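So the structure is just underneath, and the comments pick up after that.
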Amino acid sequence: ANALEDYPTWGGPSWVPTTDEILRCRVRTTGMVDEQFVVRNNKLRMLDVGGQQSERRKWIHYFADVTSVIFVTSLSEYDQLLFEDNKSNRLAESLSLFNTTVNDVWFEKVAIIVFLNKSDLFYEKYVVKKVPLNISGLFPDAPSGEPDLTKAYGWFQEKFKAQRNDPSRTIYSHVTCATDTQAIDAVMKASSQHILKQNLKDSGVLV
């Protein structure tokens with residue numbers, strides 16, 4: 001609201017966005033975005049793909065040689081419907097896509113990392129507004145009663161782990177807020193360790 005009040009300074013020809021403003025903008029991913037960058041002397045290549053139903057067939061064949069998959073899902077959308085399908089629940093669809101992803105032959109030997117994102121919006125909806133996790137009626141196993149973040153996060157993590165066909169396969173998960181740069185930095189460090197560990201296992205160095 002404050003930004004709109006400041007227009008045309010905000011968005012005008014002399015406007016330079018702050019880091020926070022950049023982090024809060026959102027552009028829906030279509031097709032695939034290929035980015036290469038260096039983090040702590042490690043050269044990384046990240047393929048960012050659209051999760052919408054119409055986008056998936058465009059990107060799956062690009063993943064033959066990836067070393068990890070970071071699956072980003074929104075904690076706060078458990079009561080919302082898909083952008084392209086106003087009958088399908090977003091969390092149910094995310095679980096379905098993750099089931100397809102984690103059990104795909106392309107990803108049998110890669111590190112699978114789940115980012116349970118938008119924890120700030122989830123807190124507002126679940127704790128402050130007290131919107132039940134099973135308000136859609138699709139998740140009768142969801143924690144009920146007074147909001148409990150620890151139980152809720154644990155439930156989300158278990159819902160995604162339950163999608164794997166191989167129960168012994170490790171699924172790494174992290175609760176994230178994309179606008180919290182310090183927290184994201186810590187999560188990315190941990191994710192790098194997950195990827196390294198998986199690569200060492202594949203090479204036979206670790207059992």
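Identifiers in this document derive from the order of the structure tokens: chains are assigned A, B, ..., residues are numbered from 1 separately in each chain, and ligands are numbered from 1 in order of occurrence.
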Check the DSSP output for the backbone and give back, as a PyMOL selection string, the residues of segment 3-173 of chain A in strand (DSSP E or B). chain A and resi 32-39+42-49+68-74+81+89+111-117+171-173
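Residues with any atom within 12 Å of Arg26 of chain A, counting only C-alpha atoms and excluding same-chain neighbours fewer than 5 positions away, are Glu21, Ala178 and Thr179 of chain A.
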Restrict the selected residues to N, CA, C and O atoms and save them as a CSV table (one decimal), in the first residue's frame.
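Resulting contents of again-v4.csv:
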```
chain,number,residue,atom,x,y,z
A,21,GLU,N,12.2,-5.3,-2.3
A,21,GLU,CA,11.2,-5.2,-3.3
A,21,GLU,C,11.4,-6.2,-4.4
A,21,GLU,O,10.5,-6.8,-4.9
A,178,ALA,N,11.2,-17.2,1.3
A,178,ALA,CA,12.1,-16.7,0.3
A,178,ALA,C,12.5,-15.3,0.5
A,178,ALA,O,13.6,-14.9,0.0
A,179,THR,N,11.8,-14.5,1.3
A,179,THR,CA,12.2,-13.1,1.5
A,179,THR,C,13.1,-13.0,2.7
A,179,THR,O,13.6,-11.9,3.0
```
Skip Gly154 of chain A itself and residues of its chain fewer than 3 positions away, then list as a ChimeraX atom specification all residues within 12 Å of it, counting only C-alpha atoms. /A:75,116,142-143,148-151,157-161,173-175
So which one's closest to Asp180 of chain A, A:Asp20, A:Glu77, A:Glu108, A:Glu93? Using only C-alpha atoms, please. A:Asp20
Using only C-alpha atoms, the best pick from A:Val128, A:Ile184, A:Val110, A:Val105 as closest to Asn199 of chain A would be A:Val110
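Here the alpha helix (DSSP H) residues in segment 67-143 of chain A, by DSSP on the backbone, are Arg90, Leu91, Ala92, Glu93, Ser94, Leu95, Ser96, Leu97, Phe98, Asn99, Thr100, Thr101, Val102, Ser119, Asp120, Leu121 and Phe122 of chain A.
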Name the closest residue to Thr19 of chain A among the candidates A:Thr67, A:Thr181, A:Ser191, A:Asn41; distances are taken between atoms, counting only C-alpha atoms. A:Thr181
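Relative to atom CA of His194 of chain A, atom CA of Arg169 of chain A is found at 12.9 Å.
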Distance query Lys130 of chain A at most 12 Å, only C-alpha atoms, self and fewer than 2 positions along chain excluded, as a PyMOL selection string: chain A and resi 76+79+122-128+132-135+144-149
Separation of atom CA of Val38 of chain A and atom CA of Ile195 of chain A, in Å? 15.7 Å
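Among the candidates A:Ile70, A:Ile22, A:Val205, A:Met188, the residue lying nearest to Ile113 of chain A is A:Ile70 (atoms considered: only C-alpha atoms).
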